[in-house]
file start-v2.cif (mmCIF, C-alpha atoms, pLDDT in the B column; chains and numbers go by the auth columns)
data_run
loop_
_atom_site.group_PDB
_atom_site.id
_atom_site.type_symbol
_atom_site.label_atom_id
_atom_site.label_comp_id
_atom_site.label_asym_id
_atom_site.label_seq_id
_atom_site.Cartn_x
_atom_site.Cartn_y
_atom_site.Cartn_z
_atom_site.B_iso_or_equiv
_atom_site.auth_seq_id
_atom_site.auth_asym_id
ATOM 1 C CA MET A 1 142.873 -146.031 26.729 62.00 1 P
ATOM 2 C CA LYS A 2 140.784 -142.896 27.222 82.00 2 P
ATOM 3 C CA ARG A 3 138.199 -144.731 29.305 82.00 3 P
ATOM 4 C CA SER A 4 140.807 -146.294 31.584 86.00 4 P
ATOM 5 C CA LEU A 5 142.372 -142.865 32.230 89.00 5 P
ATOM 6 C CA LEU A 6 138.982 -141.475 33.208 87.00 6 P
ATOM 7 C CA VAL A 7 138.383 -144.412 35.565 89.00 7 P
ATOM 8 C CA ILE A 8 141.813 -143.927 37.152 91.00 8 P
ATOM 9 C CA ALA A 9 141.118 -140.202 37.544 91.00 9 P
ATOM 10 C CA ILE A 10 137.775 -140.930 39.248 90.00 10 P
ATOM 11 C CA ILE A 11 139.382 -143.368 41.687 92.00 11 P
ATOM 12 C CA ALA A 12 142.320 -141.040 42.404 91.00 12 P
ATOM 13 C CA LEU A 13 140.059 -138.060 43.065 91.00 13 P
ATOM 14 C CA TYR A 14 137.783 -140.185 45.221 90.00 14 P
ATOM 15 C CA LEU A 15 140.774 -141.104 47.377 89.00 15 P
ATOM 16 C CA LEU A 16 142.074 -137.524 47.432 87.00 16 P
ATOM 17 C CA HIS A 17 138.738 -136.281 48.710 86.00 17 P
ATOM 18 C CA GLN A 18 139.494 -137.866 52.074 81.00 18 P
ATOM 19 C CA ASP A 19 142.007 -135.204 53.081 76.00 19 P
ATOM 20 C CA PHE A 20 142.983 -136.546 56.484 77.00 20 P
ATOM 21 C CA TRP A 21 146.285 -134.616 56.347 75.00 21 P
ATOM 22 C CA PHE A 22 144.528 -131.225 56.874 74.00 22 P
ATOM 23 C CA TRP A 23 142.008 -132.261 59.539 73.00 23 P
ATOM 24 C CA ARG A 24 143.834 -130.903 62.550 74.00 24 P
ATOM 25 C CA ALA A 25 145.841 -128.112 60.945 69.00 25 P
ATOM 26 C CA ALA A 26 144.497 -124.653 60.230 69.00 26 P
ATOM 27 C CA ALA A 27 147.862 -122.980 60.737 74.00 27 P
ATOM 28 C CA PRO A 28 148.957 -122.507 57.127 80.00 28 P
ATOM 29 C CA VAL A 29 146.640 -119.750 55.950 81.00 29 P
ATOM 30 C CA VAL A 30 146.386 -119.235 52.195 81.00 30 P
ATOM 31 C CA LEU A 31 145.985 -115.701 50.815 86.00 31 P
ATOM 32 C CA GLY A 32 146.091 -114.368 54.361 83.00 32 P
ATOM 33 C CA PHE A 33 142.582 -115.470 55.397 84.00 33 P
ATOM 34 C CA LEU A 34 141.717 -118.908 53.996 84.00 34 P
ATOM 35 C CA PRO A 35 142.482 -122.034 56.059 83.00 35 P
ATOM 36 C CA VAL A 36 144.468 -124.610 54.125 81.00 36 P
ATOM 37 C CA GLY A 37 141.714 -127.254 54.346 81.00 37 P
ATOM 38 C CA LEU A 38 139.174 -124.917 52.777 84.00 38 P
ATOM 39 C CA PHE A 39 141.644 -123.901 50.073 86.00 39 P
ATOM 40 C CA TYR A 40 142.263 -127.589 49.367 87.00 40 P
ATOM 41 C CA HIS A 41 138.545 -128.182 48.876 88.00 41 P
ATOM 42 C CA VAL A 42 138.223 -125.150 46.588 91.00 42 P
ATOM 43 C CA CYS A 43 140.987 -126.555 44.388 92.00 43 P
ATOM 44 C CA TYR A 44 139.481 -130.041 44.641 92.00 44 P
ATOM 45 C CA THR A 45 136.098 -128.729 43.496 94.00 45 P
ATOM 46 C CA LEU A 46 137.677 -127.058 40.459 96.00 46 P
ATOM 47 C CA VAL A 47 139.464 -130.291 39.516 95.00 47 P
ATOM 48 C CA ILE A 48 136.283 -132.352 39.993 95.00 48 P
ATOM 49 C CA SER A 49 134.386 -129.887 37.791 95.00 49 P
ATOM 50 C CA ALA A 50 136.976 -130.333 35.052 94.00 50 P
ATOM 51 C CA LEU A 51 136.704 -134.117 35.424 93.00 51 P
ATOM 52 C CA MET A 52 132.913 -133.969 35.137 93.00 52 P
ATOM 53 C CA TRP A 53 133.284 -131.901 31.958 92.00 53 P
ATOM 54 C CA ALA A 54 135.699 -134.505 30.558 90.00 54 P
ATOM 55 C CA LEU A 55 133.317 -137.335 31.466 89.00 55 P
ATOM 56 C CA VAL A 56 130.435 -135.644 29.670 88.00 56 P
ATOM 57 C CA LYS A 57 132.602 -134.749 26.675 87.00 57 P
ATOM 58 C CA TYR A 58 134.372 -138.079 26.191 85.00 58 P
ATOM 59 C CA ALA A 59 132.411 -140.780 28.026 83.00 59 P
ATOM 60 C CA TRP A 60 128.767 -139.767 27.487 81.00 60 P
ATOM 61 C CA PRO A 61 126.885 -142.653 25.826 79.00 61 P
ATOM 62 C CA SER A 62 125.889 -141.699 22.285 76.00 62 P
ATOM 63 C CA ARG A 63 122.704 -143.780 22.510 77.00 63 P
ATOM 64 C CA LEU A 64 121.283 -141.155 24.861 74.00 64 P
ATOM 65 C CA GLU A 65 121.590 -138.538 22.142 73.00 65 P
ATOM 66 C CA GLU A 66 119.894 -140.549 19.379 71.00 66 P
ATOM 67 C CA GLY A 67 116.574 -139.094 18.295 63.00 67 P
ATOM 68 C CA ARG A 68 117.396 -135.603 19.534 62.00 68 P
ATOM 69 C CA GLY A 69 116.920 -132.926 16.925 56.00 69 P
ATOM 70 C CA ASP A 70 113.991 -134.706 15.221 51.00 70 P
ATOM 71 C CA ARG A 71 111.626 -131.843 15.931 51.00 71 P
ATOM 72 C CA GLY A 72 110.052 -131.739 12.456 50.00 72 P
ATOM 73 C CA THR A 73 109.280 -135.443 12.083 49.00 73 P
ATOM 74 C CA GLY A 74 105.582 -135.159 12.774 47.00 74 P
ATOM 75 C CA GLY A 75 105.645 -136.740 16.203 47.00 75 P
ATOM 76 C CA GLN A 76 107.814 -139.727 15.323 50.00 76 P
ATOM 77 C CA GLY A 77 110.696 -138.592 17.524 52.00 77 P
ATOM 78 C CA GLU A 78 110.779 -138.364 21.286 57.00 78 P
ATOM 79 C CA GLU A 79 108.557 -135.891 23.064 64.00 79 P
ATOM 80 C CA ASP A 80 110.217 -132.743 24.294 70.00 80 P
ATOM 81 C CA PRO A 81 110.796 -133.249 28.049 72.00 81 P
ATOM 82 C CA PHE A 82 110.876 -129.470 28.565 77.00 82 P
ATOM 83 C CA ALA A 83 107.620 -128.695 26.770 77.00 83 P
ATOM 84 C CA PRO A 84 105.042 -126.968 28.951 78.00 84 P
ATOM 85 C CA SER A 85 102.403 -129.275 30.349 77.00 85 P
ATOM 86 C CA PRO A 86 98.828 -128.808 29.145 78.00 86 P
ATOM 87 C CA ARG A 87 96.582 -126.584 31.228 78.00 87 P
ATOM 88 C CA ARG A 88 94.278 -128.404 33.589 76.00 88 P
ATOM 89 C CA PRO A 89 90.642 -127.371 33.782 74.00 89 P
ATOM 90 C CA VAL A 90 89.706 -125.283 36.759 71.00 90 P
ATOM 91 C CA ALA A 91 86.790 -126.381 38.916 68.00 91 P
ATOM 92 C CA PRO A 92 83.669 -124.295 38.148 66.00 92 P
ATOM 93 C CA SER A 93 83.285 -123.268 41.784 64.00 93 P
ATOM 94 C CA LEU A 94 86.753 -121.711 41.768 57.00 94 P
ATOM 95 C CA ASP A 95 86.559 -120.284 38.241 52.00 95 P
ATOM 96 C CA THR A 96 84.124 -117.468 39.072 59.00 96 P
ATOM 97 C CA GLU A 97 83.758 -115.082 41.948 60.00 97 P
ATOM 98 C CA GLU A 98 80.381 -116.599 42.763 57.00 98 P
ATOM 99 C CA GLY A 99 82.068 -119.846 43.776 51.00 99 P
ATOM 100 C CA LEU A 100 84.336 -117.970 46.157 54.00 100 P
ATOM 101 C CA ASP A 101 81.397 -116.428 48.059 55.00 101 P
ATOM 102 C CA ALA A 102 79.615 -119.729 48.668 52.00 102 P
#
call {"tool": "encode", "arguments": {"input": "start-v2.cif", "output": "structure tokens"}}
result
Amino acid sequence: MKRSLLVIAIIALYLLHQDFWFWRAAAPVVLGFLPVGLFYHVCYTLVISALMWALVKYAWPSRLEEGRGDRGTGGQGEEDPFAPSPRRPVAPSLDTEEGLDA
């Protein structure tokens, strides 16, 4: 049930993104300075952000989270994708000032 509601919400918001009803009209100004089409897209972006939060919260595959948190397993878990990369050796000609003069 939850998954079907999320799919329906995705399809509905996809269709609502094509706002052909505000293409030629800038006359209704919202808050005294904002054209109605821009205001529509601001509201649309807020709703899409809430939908993305709901998708991550309720439809994120749990298999992607398996193995996370196994930091103290002695290397049996996944490597940390955000760990700094090892330092590469610098060429000897660029390591000293003598190499720069040559």
call {"tool": "closest_residue", "arguments": {"input": "start-v2.cif", "among": "P:Arg87, P:Ile48, P:Phe22, P:Tyr58", "to": "Pro35 of chain P", "atoms": "all atoms listed in the file"}}
result
P:Phe22
call {"tool": "residues_around", "arguments": {"input": "start-v2.cif", "residues": "Thr45 of chain P", "least_positions_apart": "6", "cutoff": "12 Å", "atoms": "only C-alpha atoms", "output": "list in words"}}
result
Leu13, Tyr14, Leu16, His17, Leu38, Phe39, Leu51 and Met52 of chain P
call {"tool": "atom_distance", "arguments": {"input": "start-v2.cif", "atom1": "atom CA of Trp53 of chain P", "atom2": "atom CA of Glu66 of chain P"}}
result
20.3 Å
